[in-house]
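With mmCIF, C-alpha atoms, pLDDT in the B column; chains and numbers go by the auth columns inside, this is protein-v3.cif:
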```cif
data_run
#
loop_
_atom_site.group_PDB
_atom_site.id
_atom_site.type_symbol
_atom_site.label_atom_id
_atom_site.label_comp_id
_atom_site.label_asym_id
_atom_site.label_seq_id
_atom_site.Cartn_x
_atom_site.Cartn_y
_atom_site.Cartn_z
_atom_site.B_iso_or_equiv
_atom_site.auth_seq_id
_atom_site.auth_asym_id
ATOM 1 C CA MET A 1 95.510 43.609 98.301 39.00 1 A
ATOM 2 C CA SER A 2 91.857 42.585 98.375 39.00 2 A
ATOM 3 C CA GLU A 3 91.235 45.247 101.033 43.00 3 A
ATOM 4 C CA ALA A 4 92.742 47.876 98.727 39.00 4 A
ATOM 5 C CA CYS A 5 90.526 46.671 95.872 39.00 5 A
ATOM 6 C CA GLY A 6 87.514 46.963 98.177 41.00 6 A
ATOM 7 C CA ARG A 7 88.425 50.538 99.086 39.00 7 A
ATOM 8 C CA LEU A 8 88.876 51.411 95.427 41.00 8 A
ATOM 9 C CA HIS A 9 85.525 49.802 94.635 39.00 9 A
ATOM 10 C CA ASN A 10 83.816 51.924 97.306 39.00 10 A
ATOM 11 C CA CYS A 11 85.824 55.097 96.688 40.00 11 A
ATOM 12 C CA CYS A 12 83.802 56.430 93.818 39.00 12 A
ATOM 13 C CA LYS A 13 80.202 55.346 93.660 39.00 13 A
ATOM 14 C CA ILE A 14 78.514 57.870 91.418 36.00 14 A
ATOM 15 C CA LYS A 15 74.749 57.911 91.149 34.00 15 A
ATOM 16 C CA PRO A 16 73.425 57.787 87.578 35.00 16 A
ATOM 17 C CA GLY A 17 72.890 61.267 86.203 34.00 17 A
ATOM 18 C CA SER A 18 75.151 63.001 88.715 31.00 18 A
ATOM 19 C CA ALA A 19 78.835 63.801 88.618 36.00 19 A
ATOM 20 C CA ARG A 20 80.251 64.091 92.095 37.00 20 A
ATOM 21 C CA GLN A 21 83.020 66.663 92.012 37.00 21 A
ATOM 22 C CA LEU A 22 86.245 66.445 93.989 38.00 22 A
ATOM 23 C CA GLY A 23 87.735 69.919 93.688 42.00 23 A
ATOM 24 C CA GLN A 24 87.938 70.660 89.960 38.00 24 A
ATOM 25 C CA LYS A 25 88.254 67.024 88.873 48.00 25 A
ATOM 26 C CA THR A 26 85.642 64.317 88.579 60.00 26 A
ATOM 27 C CA CYS A 27 86.191 61.141 90.523 68.00 27 A
ATOM 28 C CA PRO A 28 87.410 58.987 87.579 74.00 28 A
ATOM 29 C CA SER A 29 90.198 61.434 86.735 87.00 29 A
ATOM 30 C CA VAL A 30 91.289 61.514 90.384 91.00 30 A
ATOM 31 C CA LEU A 31 91.410 57.713 90.390 91.00 31 A
ATOM 32 C CA GLU A 32 93.357 57.721 87.130 95.00 32 A
ATOM 33 C CA SER A 33 95.910 60.117 88.638 95.00 33 A
ATOM 34 C CA MET A 34 96.245 57.892 91.695 95.00 34 A
ATOM 35 C CA GLY A 35 96.732 54.869 89.451 95.00 35 A
ATOM 36 C CA PHE A 36 99.370 56.705 87.421 97.00 36 A
ATOM 37 C CA ARG A 37 101.460 57.331 90.531 97.00 37 A
ATOM 38 C CA VAL A 38 101.093 53.740 91.740 96.00 38 A
ATOM 39 C CA GLY A 39 102.025 52.536 88.242 96.00 39 A
ATOM 40 C CA GLN A 40 105.148 54.700 88.293 96.00 40 A
ATOM 41 C CA ALA A 41 106.209 53.201 91.622 96.00 41 A
ATOM 42 C CA LEU A 42 105.556 49.633 90.476 95.00 42 A
ATOM 43 C CA GLY A 43 107.323 50.346 87.194 93.00 43 A
ATOM 44 C CA GLU A 44 110.418 51.288 89.178 93.00 44 A
ATOM 45 C CA ARG A 45 110.270 48.416 91.658 93.00 45 A
ATOM 46 C CA LEU A 46 109.101 45.333 89.749 92.00 46 A
ATOM 47 C CA PRO A 47 111.556 45.126 86.828 87.00 47 A
ATOM 48 C CA ARG A 48 114.697 45.207 89.017 83.00 48 A
ATOM 49 C CA ASP A 49 115.388 41.510 88.423 77.00 49 A
ATOM 50 C CA THR A 50 114.337 41.638 84.772 77.00 50 A
ATOM 51 C CA PRO A 51 116.793 42.267 81.926 77.00 51 A
ATOM 52 C CA ALA A 52 116.323 45.542 80.064 79.00 52 A
ATOM 53 C CA PHE A 53 113.350 45.579 77.714 83.00 53 A
ATOM 54 C CA ARG A 54 114.292 45.730 74.045 83.00 54 A
ATOM 55 C CA GLU A 55 110.920 46.263 72.416 89.00 55 A
ATOM 56 C CA GLU A 56 107.451 47.563 73.174 91.00 56 A
ATOM 57 C CA LEU A 57 106.042 44.049 73.044 93.00 57 A
ATOM 58 C CA ASP A 58 108.415 42.915 75.806 93.00 58 A
ATOM 59 C CA VAL A 59 107.175 45.742 78.036 94.00 59 A
ATOM 60 C CA LEU A 60 103.527 44.856 77.370 96.00 60 A
ATOM 61 C CA LYS A 61 104.218 41.196 78.159 95.00 61 A
ATOM 62 C CA PHE A 62 105.799 42.336 81.429 95.00 62 A
ATOM 63 C CA LEU A 63 102.650 44.321 82.262 96.00 63 A
ATOM 64 C CA CYS A 64 100.360 41.383 81.441 96.00 64 A
ATOM 65 C CA LYS A 65 102.324 38.934 83.524 94.00 65 A
ATOM 66 C CA ASP A 66 104.429 40.465 86.293 94.00 66 A
ATOM 67 C CA LEU A 67 102.578 43.722 86.978 96.00 67 A
ATOM 68 C CA TRP A 68 99.133 42.089 86.815 97.00 68 A
ATOM 69 C CA VAL A 69 100.210 39.306 89.193 96.00 69 A
ATOM 70 C CA ALA A 70 101.667 41.855 91.638 95.00 70 A
ATOM 71 C CA VAL A 71 98.446 43.873 91.693 96.00 71 A
ATOM 72 C CA PHE A 72 95.642 41.352 91.053 96.00 72 A
ATOM 73 C CA GLN A 73 97.254 37.962 91.861 96.00 73 A
ATOM 74 C CA LYS A 74 96.527 36.678 88.344 97.00 74 A
ATOM 75 C CA GLN A 75 97.879 37.120 84.837 97.00 75 A
ATOM 76 C CA MET A 76 96.103 39.012 82.107 97.00 76 A
ATOM 77 C CA ASP A 77 94.157 36.616 79.875 97.00 77 A
ATOM 78 C CA GLY A 78 95.127 38.017 76.485 97.00 78 A
ATOM 79 C CA LEU A 79 97.413 40.383 74.615 98.00 79 A
ATOM 80 C CA ARG A 80 96.920 41.355 70.992 97.00 80 A
ATOM 81 C CA THR A 81 98.710 43.865 68.820 95.00 81 A
ATOM 82 C CA ASN A 82 98.568 45.326 65.327 93.00 82 A
ATOM 83 C CA HIS A 83 102.394 45.729 65.400 88.00 83 A
ATOM 84 C CA GLN A 84 101.950 49.480 64.892 91.00 84 A
ATOM 85 C CA GLY A 85 101.912 50.616 68.497 89.00 85 A
ATOM 86 C CA THR A 86 98.378 49.564 69.464 96.00 86 A
ATOM 87 C CA TYR A 87 97.840 46.771 71.983 97.00 87 A
ATOM 88 C CA VAL A 88 94.687 45.257 73.455 98.00 88 A
ATOM 89 C CA LEU A 89 94.990 43.634 76.873 98.00 89 A
ATOM 90 C CA GLN A 90 92.076 41.439 77.919 98.00 90 A
ATOM 91 C CA ASP A 91 91.097 40.244 81.365 97.00 91 A
ATOM 92 C CA ASN A 92 88.128 37.860 81.329 96.00 92 A
ATOM 93 C CA SER A 93 87.584 38.058 85.089 96.00 93 A
ATOM 94 C CA PHE A 94 88.768 41.493 86.200 95.00 94 A
ATOM 95 C CA PRO A 95 88.778 41.514 90.038 94.00 95 A
ATOM 96 C CA LEU A 96 87.239 44.980 90.413 92.00 96 A
ATOM 97 C CA LEU A 97 84.303 44.010 88.181 93.00 97 A
ATOM 98 C CA VAL A 98 83.582 40.560 89.623 92.00 98 A
ATOM 99 C CA PRO A 99 81.290 41.941 92.386 89.00 99 A
ATOM 100 C CA MET A 100 79.176 43.653 89.706 88.00 100 A
ATOM 101 C CA ALA A 101 78.929 40.635 87.409 87.00 101 A
ATOM 102 C CA SER A 102 75.600 39.525 88.857 83.00 102 A
ATOM 103 C CA GLY A 103 73.486 41.942 86.838 77.00 103 A
ATOM 104 C CA LEU A 104 73.382 43.785 83.547 77.00 104 A
ATOM 105 C CA GLN A 105 72.241 46.975 85.302 81.00 105 A
ATOM 106 C CA TYR A 106 75.880 47.581 86.306 84.00 106 A
ATOM 107 C CA LEU A 107 77.300 47.398 82.785 85.00 107 A
ATOM 108 C CA GLU A 108 76.907 51.151 82.186 83.00 108 A
ATOM 109 C CA GLU A 109 78.647 52.041 85.454 83.00 109 A
ATOM 110 C CA ALA A 110 81.502 49.517 85.091 86.00 110 A
ATOM 111 C CA PRO A 111 83.969 51.714 83.138 83.00 111 A
ATOM 112 C CA LYS A 112 84.218 54.091 86.104 83.00 112 A
ATOM 113 C CA PHE A 113 85.879 51.295 88.041 87.00 113 A
ATOM 114 C CA LEU A 114 88.612 50.982 85.407 94.00 114 A
ATOM 115 C CA ALA A 115 89.998 54.529 85.701 94.00 115 A
ATOM 116 C CA PHE A 116 92.540 53.585 88.377 95.00 116 A
ATOM 117 C CA THR A 117 93.802 50.660 86.297 96.00 117 A
ATOM 118 C CA CYS A 118 94.130 52.792 83.147 97.00 118 A
ATOM 119 C CA GLY A 119 96.300 55.172 85.152 97.00 119 A
ATOM 120 C CA LEU A 120 98.241 52.239 86.603 97.00 120 A
ATOM 121 C CA LEU A 121 99.148 50.935 83.143 97.00 121 A
ATOM 122 C CA CYS A 122 99.965 54.407 81.833 97.00 122 A
ATOM 123 C CA GLY A 123 102.187 55.192 84.840 97.00 123 A
ATOM 124 C CA ALA A 124 104.111 51.931 84.568 96.00 124 A
ATOM 125 C CA LEU A 125 104.658 52.485 80.847 96.00 125 A
ATOM 126 C CA HIS A 126 105.823 56.040 81.512 96.00 126 A
ATOM 127 C CA THR A 127 108.420 54.828 84.014 95.00 127 A
ATOM 128 C CA LEU A 128 109.598 52.199 81.539 93.00 128 A
ATOM 129 C CA GLY A 129 110.142 54.890 78.891 93.00 129 A
ATOM 130 C CA PHE A 130 106.951 54.755 76.830 94.00 130 A
ATOM 131 C CA GLN A 131 104.406 57.537 76.495 95.00 131 A
ATOM 132 C CA SER A 132 100.979 56.009 76.066 96.00 132 A
ATOM 133 C CA LEU A 133 97.245 56.524 75.961 96.00 133 A
ATOM 134 C CA VAL A 134 95.246 53.846 77.807 97.00 134 A
ATOM 135 C CA THR A 135 91.483 53.405 77.511 96.00 135 A
ATOM 136 C CA ALA A 136 89.203 50.689 78.830 95.00 136 A
ATOM 137 C CA SER A 137 85.978 49.100 77.661 94.00 137 A
ATOM 138 C CA VAL A 138 83.516 46.605 79.068 93.00 138 A
ATOM 139 C CA ALA A 139 81.233 44.544 76.818 90.00 139 A
ATOM 140 C CA ALA A 140 80.211 41.832 79.292 90.00 140 A
ATOM 141 C CA LEU A 141 80.876 41.717 83.019 92.00 141 A
ATOM 142 C CA PRO A 142 83.340 40.851 84.538 93.00 142 A
ATOM 143 C CA ALA A 143 85.493 40.925 81.385 94.00 143 A
ATOM 144 C CA CYS A 144 87.217 44.091 80.219 96.00 144 A
ATOM 145 C CA LYS A 145 89.704 45.239 77.612 97.00 145 A
ATOM 146 C CA PHE A 146 92.400 47.866 77.918 97.00 146 A
ATOM 147 C CA GLN A 147 93.579 49.497 74.717 97.00 147 A
ATOM 148 C CA VAL A 148 97.124 50.828 74.920 97.00 148 A
ATOM 149 C CA VAL A 149 98.374 53.152 72.201 97.00 149 A
ATOM 150 C CA ILE A 150 102.091 53.870 72.395 95.00 150 A
ATOM 151 C CA GLN A 151 102.825 57.470 71.412 92.00 151 A
ATOM 152 C CA LYS A 152 105.664 57.776 68.923 86.00 152 A
ATOM 153 C CA PRO A 153 108.177 60.614 69.522 78.00 153 A
#
```
I'd like the structure from this file rewritten - as C-alpha coordinates, please.
Amino acid sequence: MSEACGRLHNCCKIKPGSARQLGQKTCPSVLESMGFRVGQALGERLPRDTPAFREELDVLKFLCKDLWVAVFQKQMDGLRTNHQGTYVLQDNSFPLLVPMASGLQYLEEAPKFLAFTCGLLCGALHTLGFQSLVTASVAALPACKFQVVIQKP
(Lines of atoms letter the chains of each structure in order from A and count residues from 1; the text may use other names and numbers.)
(Lines give C-alpha, C1' and ligand atoms only; values in the text may rest on other atoms or scores of the structure.)
Protein backbone atom coordinates (compact mmCIF):
# COMPACT_ATOMS: atom_id res chain seq x y z
CA MET A 1 0.00 0.00 0.00
CA SER A 2 2.88 2.39 0.63
CA GLU A 3 3.80 2.14 -3.06
CA ALA A 4 0.26 3.16 -4.00
CA CYS A 5 0.45 6.11 -1.61
CA GLY A 6 3.73 7.13 -3.23
CA ARG A 7 2.18 7.02 -6.69
CA LEU A 8 -0.77 9.08 -5.49
CA HIS A 9 1.62 11.56 -3.90
CA ASN A 10 3.50 11.95 -7.19
CA CYS A 11 0.44 11.78 -9.45
CA CYS A 12 -0.59 15.38 -9.19
CA LYS A 13 2.14 17.85 -8.39
CA ILE A 14 0.77 21.20 -9.45
CA LYS A 15 3.06 24.21 -9.56
CA PRO A 16 1.75 27.24 -7.65
CA GLY A 17 -0.24 29.52 -9.92
CA SER A 18 -0.90 26.89 -12.58
CA ALA A 19 -3.72 24.42 -13.01
CA ARG A 20 -2.60 21.43 -15.00
CA GLN A 21 -5.57 20.19 -16.99
CA LEU A 22 -6.36 16.54 -17.66
CA GLY A 23 -9.01 16.67 -20.37
CA GLN A 24 -11.78 18.91 -19.03
CA LYS A 25 -11.11 18.18 -15.36
CA THR A 26 -8.42 19.48 -13.05
CA CYS A 27 -6.22 16.96 -11.34
CA PRO A 28 -7.93 17.08 -7.89
CA SER A 29 -11.33 16.23 -9.38
CA VAL A 30 -9.81 13.31 -11.30
CA LEU A 31 -8.26 12.04 -8.06
CA GLU A 32 -11.57 12.47 -6.25
CA SER A 33 -13.33 10.42 -8.94
CA MET A 34 -10.69 7.70 -8.63
CA GLY A 35 -11.12 7.70 -4.86
CA PHE A 36 -14.90 7.46 -5.21
CA ARG A 37 -14.60 4.28 -7.25
CA VAL A 38 -12.07 2.74 -4.86
CA GLY A 39 -14.35 3.70 -1.95
CA GLN A 40 -17.29 1.99 -3.64
CA ALA A 41 -15.27 -1.21 -4.05
CA LEU A 42 -14.03 -1.16 -0.46
CA GLY A 43 -17.54 -0.36 0.76
CA GLU A 44 -18.74 -3.55 -0.91
CA ARG A 45 -15.87 -5.77 0.22
CA LEU A 46 -14.97 -4.73 3.78
CA PRO A 47 -18.31 -4.95 5.62
CA ARG A 48 -19.04 -8.56 4.58
CA ASP A 49 -18.29 -9.88 8.07
CA THR A 50 -19.93 -6.92 9.82
CA PRO A 51 -23.58 -6.92 10.91
CA ALA A 52 -25.83 -4.48 9.08
CA PHE A 53 -25.36 -0.86 10.11
CA ARG A 54 -28.32 0.61 11.96
CA GLU A 55 -27.35 4.26 12.17
CA GLU A 56 -25.16 6.83 10.48
CA LEU A 57 -22.82 6.88 13.46
CA ASP A 58 -22.17 3.14 13.10
CA VAL A 59 -21.18 3.65 9.46
CA LEU A 60 -18.82 6.51 10.36
CA LYS A 61 -17.22 4.40 13.10
CA PHE A 62 -16.71 1.66 10.50
CA LEU A 63 -14.97 4.16 8.20
CA CYS A 64 -12.73 5.46 11.00
CA LYS A 65 -11.67 2.01 12.10
CA ASP A 66 -11.98 -0.71 9.46
CA LEU A 67 -11.73 1.29 6.23
CA TRP A 68 -8.88 3.48 7.52
CA VAL A 69 -6.91 0.42 8.69
CA ALA A 70 -7.44 -1.31 5.33
CA VAL A 71 -6.15 1.71 3.40
CA PHE A 72 -3.63 3.41 5.73
CA GLN A 73 -2.74 0.68 8.27
CA LYS A 74 -3.91 2.88 11.17
CA GLN A 75 -7.16 4.03 12.71
CA MET A 76 -8.51 7.54 12.43
CA ASP A 77 -7.60 9.56 15.53
CA GLY A 78 -10.94 11.23 16.17
CA LEU A 79 -14.62 11.33 15.27
CA ARG A 80 -16.96 14.11 16.31
CA THR A 81 -20.56 14.80 15.42
CA ASN A 82 -23.27 17.39 16.00
CA HIS A 83 -25.90 14.59 15.83
CA GLN A 84 -27.53 16.38 12.89
CA GLY A 85 -25.75 14.66 10.03
CA THR A 86 -22.38 16.44 10.22
CA TYR A 87 -19.26 14.51 11.24
CA VAL A 88 -15.63 15.56 11.58
CA LEU A 89 -13.01 12.85 11.19
CA GLN A 90 -9.51 13.76 12.34
CA ASP A 91 -6.21 12.12 11.49
CA ASN A 92 -3.27 13.64 13.37
CA SER A 93 -0.66 11.93 11.20
CA PHE A 94 -2.21 11.45 7.77
CA PRO A 95 0.17 9.22 5.74
CA LEU A 96 -0.07 11.23 2.51
CA LEU A 97 0.88 14.44 4.34
CA VAL A 98 3.72 13.08 6.48
CA PRO A 99 6.36 13.63 3.73
CA MET A 100 5.34 17.30 3.56
CA ALA A 101 5.36 17.89 7.32
CA SER A 102 8.92 19.21 7.31
CA GLY A 103 8.02 22.73 6.20
CA LEU A 104 5.25 25.29 6.35
CA GLN A 105 5.73 26.11 2.66
CA TYR A 106 3.71 22.98 1.82
CA LEU A 107 0.66 23.90 3.90
CA GLU A 108 -1.05 25.70 1.01
CA GLU A 109 -0.54 22.77 -1.37
CA ALA A 110 -1.56 20.05 1.13
CA PRO A 111 -5.33 20.01 0.42
CA LYS A 112 -4.66 18.83 -3.14
CA PHE A 113 -3.35 15.59 -1.69
CA LEU A 114 -6.65 14.96 0.11
CA ALA A 115 -8.89 14.85 -2.98
CA PHE A 116 -8.49 11.09 -3.44
CA THR A 117 -9.36 10.44 0.21
CA CYS A 118 -12.45 12.68 0.07
CA GLY A 119 -13.64 10.62 -2.89
CA LEU A 120 -12.76 7.41 -1.05
CA LEU A 121 -14.95 8.33 1.93
CA CYS A 122 -17.79 9.55 -0.29
CA GLY A 123 -17.71 6.38 -2.41
CA ALA A 124 -17.74 4.08 0.61
CA LEU A 125 -20.66 6.00 2.12
CA HIS A 126 -22.52 5.83 -1.19
CA THR A 127 -22.15 2.05 -1.32
CA LEU A 128 -23.34 1.79 2.27
CA GLY A 129 -26.50 3.75 1.41
CA PHE A 130 -25.63 7.31 2.42
CA GLN A 131 -25.36 10.28 0.09
CA SER A 132 -22.72 12.63 1.43
CA LEU A 133 -20.56 15.67 0.84
CA VAL A 134 -16.96 15.27 2.03
CA THR A 135 -14.49 18.14 2.35
CA ALA A 136 -11.01 18.25 3.84
CA SER A 137 -8.94 20.87 5.63
CA VAL A 138 -5.39 21.13 6.87
CA ALA A 139 -4.41 23.52 9.68
CA ALA A 140 -1.04 22.01 10.63
CA LEU A 141 0.89 19.31 8.81
CA PRO A 142 0.59 16.31 8.88
CA ALA A 143 -2.81 16.54 10.59
CA CYS A 144 -6.02 16.90 8.61
CA LYS A 145 -9.77 16.89 9.14
CA PHE A 146 -12.47 15.50 6.90
CA GLN A 147 -15.93 16.98 7.26
CA VAL A 148 -18.70 14.60 6.22
CA VAL A 149 -22.20 15.96 5.74
CA ILE A 150 -24.82 13.27 5.23
CA GLN A 151 -27.46 14.40 2.73
CA LYS A 152 -31.00 13.80 3.93
CA PRO A 153 -33.48 12.44 1.35
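Those residues returned by the PyMOL selection byres ((chain A and resi 151) around 12) for this file are Glu56, Gln84, Gly85, Thr86, Tyr87, Cys122, Leu125, His126, Gly129, Phe130, Gln131, Ser132, Leu133, Val134, Val148, Val149, Ile150, Lys152 and Pro153 of chain A.
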Here is a test: counting only C-alpha atoms, which residue of A:Leu79, A:Leu114, A:Leu42, A:Leu121 is nearest to A:Phe94? A:Leu114
Pairwise distance, atom CA of A:Pro95 with atom CA of A:Leu57, equals 24.4 Å
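Remark: for A:Leu141, the closest of the candidate residues A:Leu128, A:Leu31, A:Ala101, A:Val88 is A:Ala101 (distances computed over all atoms listed in the file).
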Run through the PyMOL selection byres ((chain A and resi 90) around 8) on the given coordinates and return the selected residues as a ChimeraX atom specification. /A:76-79,88-89,91-92,143-146
Return the single residue from A:Gly123, A:Pro28, A:Pro99, A:Pro111 that is closest to A:Leu67, with distances computed using all atoms listed in the file.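 So, comparing all the options, the nearest one is A:Gly123.
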Report the distance between atom CA of A:Glu109 and atom CA of A:Phe36 in Å, rounded to one decimal place.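 Straight-line distance from atom CA of A:Glu109 to atom CA of A:Phe36 works out to 21.3 Å.
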Check which residues satisfy the PyMOL selection byres ((chain A and resi 38) around 12) in the file shown, then give them as an MDAnalysis selection string. chainID A and resid 31:37 39:46 67 70:71 116:127
Write the residues of the preceding selection, restricted to C-alpha atoms, as an mmCIF file, in the coordinates of the input.
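See again17.cif below for the written result:
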```cif
data_model
loop_
_atom_site.group_PDB
_atom_site.id
_atom_site.type_symbol
_atom_site.label_atom_id
_atom_site.label_comp_id
_atom_site.auth_asym_id
_atom_site.auth_seq_id
_atom_site.Cartn_x
_atom_site.Cartn_y
_atom_site.Cartn_z
ATOM 1 C CA LEU A 31 91.410 57.713 90.390
ATOM 2 C CA GLU A 32 93.357 57.721 87.130
ATOM 3 C CA SER A 33 95.910 60.117 88.638
ATOM 4 C CA MET A 34 96.245 57.892 91.695
ATOM 5 C CA GLY A 35 96.732 54.869 89.451
ATOM 6 C CA PHE A 36 99.370 56.705 87.421
ATOM 7 C CA ARG A 37 101.460 57.331 90.531
ATOM 8 C CA GLY A 39 102.025 52.536 88.242
ATOM 9 C CA GLN A 40 105.148 54.700 88.293
ATOM 10 C CA ALA A 41 106.209 53.201 91.622
ATOM 11 C CA LEU A 42 105.556 49.633 90.476
ATOM 12 C CA GLY A 43 107.323 50.346 87.194
ATOM 13 C CA GLU A 44 110.418 51.288 89.178
ATOM 14 C CA ARG A 45 110.270 48.416 91.658
ATOM 15 C CA LEU A 46 109.101 45.333 89.749
ATOM 16 C CA LEU A 67 102.578 43.722 86.978
ATOM 17 C CA ALA A 70 101.667 41.855 91.638
ATOM 18 C CA VAL A 71 98.446 43.873 91.693
ATOM 19 C CA PHE A 116 92.540 53.585 88.377
ATOM 20 C CA THR A 117 93.802 50.660 86.297
ATOM 21 C CA CYS A 118 94.130 52.792 83.147
ATOM 22 C CA GLY A 119 96.300 55.172 85.152
ATOM 23 C CA LEU A 120 98.241 52.239 86.603
ATOM 24 C CA LEU A 121 99.148 50.935 83.143
ATOM 25 C CA CYS A 122 99.965 54.407 81.833
ATOM 26 C CA GLY A 123 102.187 55.192 84.840
ATOM 27 C CA ALA A 124 104.111 51.931 84.568
ATOM 28 C CA LEU A 125 104.658 52.485 80.847
ATOM 29 C CA HIS A 126 105.823 56.040 81.512
ATOM 30 C CA THR A 127 108.420 54.828 84.014
#
```
Could you state the separation of atom CA of A:Ser102 and atom CA of A:Ala140 in Å, given to one decimal place?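 Here the two named atoms are 10.9 Å from each other.
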Hey, what's within 8 Å of A:Phe72 if we count all atoms listed in the file and toss same-chain stuff fewer than 3 positions away? As a list of chain:residue names, please?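 Counting all atoms listed in the file, the residues come to A:Met1, A:Trp68, A:Val69, A:Gln75, A:Pro95.
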Could you write out that same residue set with C-alpha atoms as a JSON list (two decimals), keeping the file's coordinate frame?
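Wrote it out as out_24.json, contents follow:
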```json
[["chain", "number", "residue", "atom", "x", "y", "z"],
["A", 1, "MET", "CA", 95.51, 43.61, 98.30],
["A", 68, "TRP", "CA", 99.13, 42.09, 86.82],
["A", 69, "VAL", "CA", 100.21, 39.31, 89.19],
["A", 75, "GLN", "CA", 97.88, 37.12, 84.84],
["A", 95, "PRO", "CA", 88.78, 41.51, 90.04]]
```
